[in-house]
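All remarks here apply to the structure that follows.
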Amino acid sequence: MPEKKPKILIITTNHSSYPGANAVGQARLSYDSNTYIIRVPDPVMFPENFYMKAFEKGISGIIIMSSGSDCPYEGAYDRLSKRIQNVYKLMKEKNININRLKLTTICTVCREAFLKEIADMEKAVSV
Amino acid sequence: MSEQITEKDHTINENYRQKPKVAVYVCHCGGNISDIIDVKKVAEELSKYPNVAISREYAFMCSSTGQDYIVEDIRNNGINRVVIAACSPALHELTFRGALSRAGLNPYLYEHVNIREQASWVHKNDKEGATLKAISLTKAGVEKILRQDPLNSIRVEAVRGVAIIGGGIAGMRSALSCADNGLDVSIMEKSGSLGGNLNRKGKVYPSGKEAFEIANELSKKVLSNPKIKVYLNSEISFIGGYVGNFQLNVKKSDGKFEKVKAGAIIMATGFSHYKPQKGEYGFGLADRVVTLPEFENLLENSGEKALEISGKKVSSVAFMHCVGSRQIDGIDAPGKNGKVNEYCSRICCGSIISSANRLKEKFPEISVFDIYTDMRTYGMEHEKYYKKASENDIIFFRRPLEERPKVEIGVEKVNIKTKDVLTMNEEMEIEADLLVLGTGMEPNDISDLVEYLKLPRSSDGFLQEVHPKLRPVEVANNGIFLAGTAQGPMDIKETLQAANTASVKAAALLSSPDIPLDPFVAVVDEDKCTGCGLCPKECSYEGALIMIEKDVKGKKKKVASVNPALCKGCGACAAVCEPRAINVAGWTLDQFDAMVEAIAKE
């Protein structure tokens with residue numbers, strides 16, 4: 001059995017970062033297989049405790065790849081970033097390194113940025 | 001036009017109410033997946049997973065045989081939920097929803113798991129890891145679909161009209177085809193006439209017809225068609241809405257604004273000729289260096305006796321291919337967008353050879369040199385032009401892709417130095433009276449439209465279709481289609497084909513009075529709703545989510561209420577609802593919790 005690697009959950013948006021993740025595949029670029037992509041209309045739908053529960057369940061790192069300024073939903077990004085600040089507070093209370101949760105923006109063609117975010121998170125979860 | 005909502009009930013049988021029986025299908029994608037991922041192992045692991053009744057792997061799930069498996073398993077084996085691990089859902093979600101519908105199952109009782117773009121293609125050096133990942137993701141898919149309710153698509157009344165942006169050959173052809181299909185058409189053209197890049201003197205290949213004659217022929221038909229309204233000198237100040245109900249604010253030539261409504265939009269925004277930078281192959285330094293369109297004009301306007309430039313007779317002409325195309329970062333100077341044009345403009349080789357032949361035929365005594373990179377006269381019978389050019393004694397030099405010929409402007413001549421691959425990289429020196437730069441195509445600047453409609457663009461800057469084979473001329477945004485060179489370099493024939501394709505797709509979309517929209521909007525479980533009123537404060541859309549008082553099981557109760565026509569399905573409301581009474585249909589928090597659990601578990 002191969003060594004069990006820490007698992008990284010990647011939350012992508014239907015509109016932007018999910019096609020972005022596809023673009024990485026279409027270009028046949030590679031990244032580690034301990035990465036699990038789920039897609040949502042917008043990560044704004046997740047309450048604070050969704051992230052905390054994911055950590056409790058054994059997810060080591062979470063990257064939220066939002067649509068940022070390309071977000072088709074009004075006000076969603078602002079709400080999301082405020083919520084993530086709350087999650088950071090909860091993480092600190094539970095002594096979870098806040099580097100294990102990252103809110104970023106990935107577009108439909110942001111291949112390099114996509115890979116960089118994964119590489120950064122791989123580092124964060126390896127400590 | 002009202003945004004009237006009706007609902008079509010997909011649920012033909014009600015077997016989803018029975019105990020869940022999930023079928024899992026793992027697609028090989030003809031090796032695209034199975035070369036990396038052990039699909040047999042994935043199917044075997046899933047067959048042991050709770051509630052999975054059938055687990056199969058097959059070469060191509062999207063083929064009719066693959067789809068038949070699904071239909072038969074639903075009809076004969078009591079399957080009431082389906083998970084397919086395959087390519088991206090962008091390609092085949094609709095295909096498989098169709099299979100479920102045909103079998104009589106609600107089409108939304110199916111989950112698509114992407115193990116190609118997001119697994120096999122990105123983990124080619126880690127087959128075992130990719131396989132384990134595919135197993136986890138597919139289990140997460142099962143968990144999601146176990147918690148899925150059957151959904152009914154929302155149907156919205158659609159405008160039976162099409163807005164076509166751009167009045168070039170693509171826009172005109174699209175307009176005529178749409179009108180033939182019974183649709184009302186509006187063409188928005190920014191210039192003062194129809195015809196676009198064909199509004200010029202010069203012959204086009206392969207027909208050898210005058211460009212402006214083709215434009216005139218089409219524009220006469222367009223202008224006399226009662227179903228087509230043309231807005232010349234117009235600007236689009238905003239586009240809003242969604243498939244079936246787009247609204248365009250059009251600033252007309254008289255400065256007044258008009259609201260144009262359309263069920264679909266065809267983007268026929270075309271291309272611009274690449275304009276070389278000053279000094280690029282001597283351009284802008286002397287009148288003896290011209291672009292191909294400028295040369296076409298010169299040739300058309302020349303008398304029968306001699307070709308002249310600034311009053312001087314021309315006795316030798318050199319053509320340079322790949323100017324503004326196939327550029328290399330670090331070698332060529334980037335354009336205004338900060339990027340070089342890495343793509344091939346496709347049509348220039350054919351156009352250059354066609355022009356060079358006409359030059360030779362009109363003035364046989366002129367010496368013609370052709371400096372190319374790779375000869376790409378790719379169209380049907382276009383190879384004949386190349387053969388003809390050899391017969392016409394045109395002298396060819398093939399330059400290396402990474403090296404740029406050096407151009408010096410002499411007193412009377414243009415001096416070009418280039419390596420020639422055909423003579424084992426010998427340094428060649430060509431003297432010509434005139435240098436013609438075979439300029440490529442660039443997308444027109446449509447950044448405003450891209451912004452209004454959130455259109456996807458390729459790294460080249462052209463608009464991007466979903467898939468060249470599976471969903472040609474469609475963009476990811478529903479109801480918007482691409483016609484012609486807005487999408488990338490094409491010749492006239494290809495442009496007309498794309499324009500017709502776009503029109504047929506628009507006509508098919510608008511063939512019934514209402515069109516289906518995804519049912520992924522917020523829904524309220526009124527039993528769970530406590531009437532706290534937190535969720536409407538999170539909603540950015542006026543009227544989409546309000547608090548109302550109504551009878552729930554015989555009791556008057558304050559509950560949240562969603563208008564599905566106005567709700568965009570972002571889920572901002574769901575995050576603040578402690579009892580999880582409000583959720584986006586098909587994307588509930590309970591589903592995501594279960595998926596994360598499945599991923600974290602192994």
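Going by the structure tokens order, chains are called A, B, ..., each with residues numbered from 1, while ligands are numbered from 1 in the order shown.
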Next item on the list: Could you please write out, as an MDAnalysis selection string, every residue of chain A that DSSP assigns to alpha helix (DSSP H)?
Entry: chainID A and resid 17:26 48:57 76:93 111:126
* To do: Kindly provide, as a VMD selection string, the residues of chain B having any atom no farther than 8 Å from an atom of chain A, counting only C-alpha atoms.
  => chain B and resid 88 116 to 119 121 to 124 126 129 to 130 133 137 454 456 458 to 459 540 to 541 568 to 576 587 589 593 596 to 597 599 to 601
Which residues come within 8 Å of Ser345 in chain B, counting only C-alpha atoms, excluding same-chain residues fewer than 3 positions away, as a list in words?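 Selected residues are Cys322, Ser325, Arg326, Cys348, Gly440, Met441, Gly488, Pro489 and Met490 of chain B.
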Please, could you write that set of residues out with C-alpha atoms as a PDB file, in the first residue's frame?
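And here is the file that came out, out-v9.pdb:
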ATOM      1  CA  CYS B 322       3.184  34.369 -40.877  1.00  0.00           C
ATOM      2  CA  SER B 325       0.751  34.651 -36.660  1.00  0.00           C
ATOM      3  CA  ARG B 326       2.686  31.756 -35.136  1.00  0.00           C
ATOM      4  CA  CYS B 348      -3.003  33.495 -45.088  1.00  0.00           C
ATOM      5  CA  GLY B 440      -2.938  37.194 -39.954  1.00  0.00           C
ATOM      6  CA  MET B 441      -6.252  37.546 -38.182  1.00  0.00           C
ATOM      7  CA  GLY B 488     -10.916  31.854 -34.661  1.00  0.00           C
ATOM      8  CA  PRO B 489      -9.376  32.193 -38.101  1.00  0.00           C
ATOM      9  CA  MET B 490     -11.609  30.737 -40.837  1.00  0.00           C
TER      10      MET B 490
END
re CA of Asn341 in chain B and CA of Tyr274 in chain B: distance 9.7 Å
Interatomic distance, CA of Ala264 in chain B to CA of Arg160 in chain B (Å, one decimal) |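 Result for CA of Ala264 in chain B versus CA of Arg160 in chain B: 8.4 Å, one decimal.
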Open item on the list: Need the shell around Lys123 in chain A: protein/DNA/RNA residues with any atom at most 12 Å away, counting only C-alpha atoms. Skip same-chain ones fewer than 2 positions apart. Format as a list in words?
Closed with: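 Those residues are Pro6, Ile8, Asp32, Ser60, Gly61, Asn99, Arg100, Lys116, Glu117, Ile118, Ala119, Asp120, Met121, Val125, Ser126 and Val127 of chain A.
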Set the distance at 10 Å and use only C-alpha atoms: which residues neighbour Lys89 in chain A once local chain neighbours fewer than 6 positions away are removed? I'd like the list as a PDB file with C-alpha atoms, in the first residue's frame.
ATOM      1  CA  ASN A  95      -5.536  25.169  16.889  1.00  0.00           C
ATOM      2  CA  ILE A  96      -5.786  24.331  13.201  1.00  0.00           C
ATOM      3  CA  ILE A  98      -5.034  28.640   9.025  1.00  0.00           C
TER       4      ILE A  98
END
All strand (DSSP E) residues (DSSP, backbone) inside range 350-506 of chain B, as a short mmCIF file (atom, residue, chain, number, x, y, z; two decimals) with N, CA and C atoms, in the first residue's frame:
data_model
loop_
_atom_site.label_atom_id
_atom_site.label_comp_id
_atom_site.auth_asym_id
_atom_site.auth_seq_id
_atom_site.Cartn_x
_atom_site.Cartn_y
_atom_site.Cartn_z
N SER B 367 8.94 39.48 -61.18
CA SER B 367 9.51 38.35 -60.44
C SER B 367 8.83 38.28 -59.07
N VAL B 368 8.42 37.07 -58.70
CA VAL B 368 7.71 36.92 -57.43
C VAL B 368 8.44 35.93 -56.53
N PHE B 369 8.69 36.36 -55.30
CA PHE B 369 9.34 35.51 -54.30
C PHE B 369 8.37 35.27 -53.16
N ASP B 370 8.43 34.07 -52.61
CA ASP B 370 7.50 33.74 -51.52
C ASP B 370 8.30 33.14 -50.36
N ILE B 371 8.29 33.86 -49.23
CA ILE B 371 9.05 33.41 -48.06
C ILE B 371 8.06 32.87 -47.04
N TYR B 372 8.02 31.55 -46.90
CA TYR B 372 7.00 30.95 -46.04
C TYR B 372 7.65 30.19 -44.89
N ILE B 395 9.16 31.88 -56.90
CA ILE B 395 10.31 31.24 -56.25
C ILE B 395 10.07 31.19 -54.74
N PHE B 396 10.19 29.98 -54.20
CA PHE B 396 9.88 29.79 -52.78
C PHE B 396 11.13 29.69 -51.91
N PHE B 397 11.04 30.29 -50.73
CA PHE B 397 12.07 30.15 -49.70
C PHE B 397 11.34 29.72 -48.44
N ARG B 398 11.90 28.74 -47.76
CA ARG B 398 11.27 28.31 -46.52
C ARG B 398 12.14 28.72 -45.35
N LYS B 406 15.59 39.25 -41.94
CA LYS B 406 15.94 40.65 -41.67
C LYS B 406 15.58 41.49 -42.89
N VAL B 407 14.91 42.60 -42.64
CA VAL B 407 14.47 43.45 -43.74
C VAL B 407 15.17 44.80 -43.63
N GLU B 408 15.81 45.21 -44.72
CA GLU B 408 16.41 46.54 -44.76
C GLU B 408 15.79 47.32 -45.89
N ILE B 409 15.49 48.58 -45.62
CA ILE B 409 14.88 49.41 -46.65
C ILE B 409 16.00 50.15 -47.38
N VAL B 414 13.75 46.82 -51.39
CA VAL B 414 13.70 46.26 -50.05
C VAL B 414 14.62 45.05 -50.06
N ASN B 415 15.52 44.99 -49.09
CA ASN B 415 16.45 43.89 -49.05
C ASN B 415 16.06 42.93 -47.92
N ILE B 416 15.87 41.65 -48.27
CA ILE B 416 15.43 40.68 -47.27
C ILE B 416 16.48 39.58 -47.18
N LYS B 417 16.94 39.35 -45.96
CA LYS B 417 17.90 38.26 -45.74
C LYS B 417 17.21 37.19 -44.93
N THR B 418 17.28 35.95 -45.40
CA THR B 418 16.65 34.86 -44.66
C THR B 418 17.43 33.56 -44.84
N LYS B 419 17.34 32.72 -43.82
CA LYS B 419 17.85 31.36 -43.99
C LYS B 419 16.81 30.59 -44.79
N ASP B 420 17.26 29.64 -45.61
CA ASP B 420 16.32 28.87 -46.42
C ASP B 420 16.46 27.39 -46.10
N GLU B 426 20.85 27.67 -46.16
CA GLU B 426 21.73 28.64 -46.81
C GLU B 426 21.17 30.05 -46.58
N GLU B 427 22.08 31.01 -46.37
CA GLU B 427 21.64 32.41 -46.21
C GLU B 427 21.26 32.95 -47.58
N MET B 428 20.07 33.45 -47.71
CA MET B 428 19.61 33.98 -48.99
C MET B 428 19.39 35.48 -48.87
N GLU B 429 19.57 36.16 -49.96
CA GLU B 429 19.33 37.59 -49.98
C GLU B 429 18.40 37.89 -51.14
N ILE B 430 17.30 38.54 -50.85
CA ILE B 430 16.31 38.80 -51.89
C ILE B 430 16.13 40.31 -52.00
N GLU B 431 16.18 40.80 -53.22
CA GLU B 431 15.92 42.22 -53.44
C GLU B 431 14.60 42.35 -54.15
N ALA B 432 13.72 43.17 -53.63
CA ALA B 432 12.42 43.32 -54.27
C ALA B 432 11.99 44.78 -54.23
N LEU B 434 8.90 45.56 -53.86
CA LEU B 434 7.75 45.64 -52.96
C LEU B 434 7.76 44.41 -52.05
N LEU B 435 7.57 44.64 -50.76
CA LEU B 435 7.44 43.51 -49.82
C LEU B 435 6.00 43.49 -49.30
N VAL B 436 5.34 42.34 -49.47
CA VAL B 436 3.96 42.21 -49.01
C VAL B 436 3.95 41.32 -47.76
N LEU B 437 3.39 41.85 -46.69
CA LEU B 437 3.36 41.11 -45.42
C LEU B 437 2.03 40.35 -45.31
N GLY B 438 2.13 39.04 -45.26
CA GLY B 438 0.93 38.20 -45.15
C GLY B 438 0.40 38.24 -43.72
N THR B 439 -0.38 39.28 -43.44
CA THR B 439 -0.83 39.51 -42.06
C THR B 439 -1.96 38.56 -41.68
N MET B 441 -4.98 37.06 -38.72
CA MET B 441 -6.25 37.55 -38.18
C MET B 441 -6.14 37.73 -36.68
N GLU B 442 -6.80 38.76 -36.19
CA GLU B 442 -6.91 38.96 -34.75
C GLU B 442 -8.37 39.15 -34.40
N PRO B 443 -8.78 38.73 -33.19
CA PRO B 443 -10.19 38.94 -32.84
C PRO B 443 -10.47 40.43 -32.69
N ILE B 480 -26.27 31.30 -26.44
CA ILE B 480 -25.35 32.15 -27.20
C ILE B 480 -24.53 31.27 -28.14
N PHE B 481 -24.49 31.66 -29.40
CA PHE B 481 -23.82 30.83 -30.42
C PHE B 481 -22.78 31.67 -31.17
N LEU B 482 -21.81 30.97 -31.75
CA LEU B 482 -20.73 31.66 -32.43
C LEU B 482 -20.83 31.46 -33.94
#
Surrounding residues of range 161-171 of chain B excluding itself and chain neighbours under 2 positions, 7 Å, only C-alpha atoms, as JSON, numbers by chain: {"B": [159, 173, 174, 175, 183, 184, 185, 186, 187, 188, 189, 194, 195, 196, 197, 215, 262, 263, 264, 265, 266, 267, 268, 269, 483, 484, 495, 496, 499]}
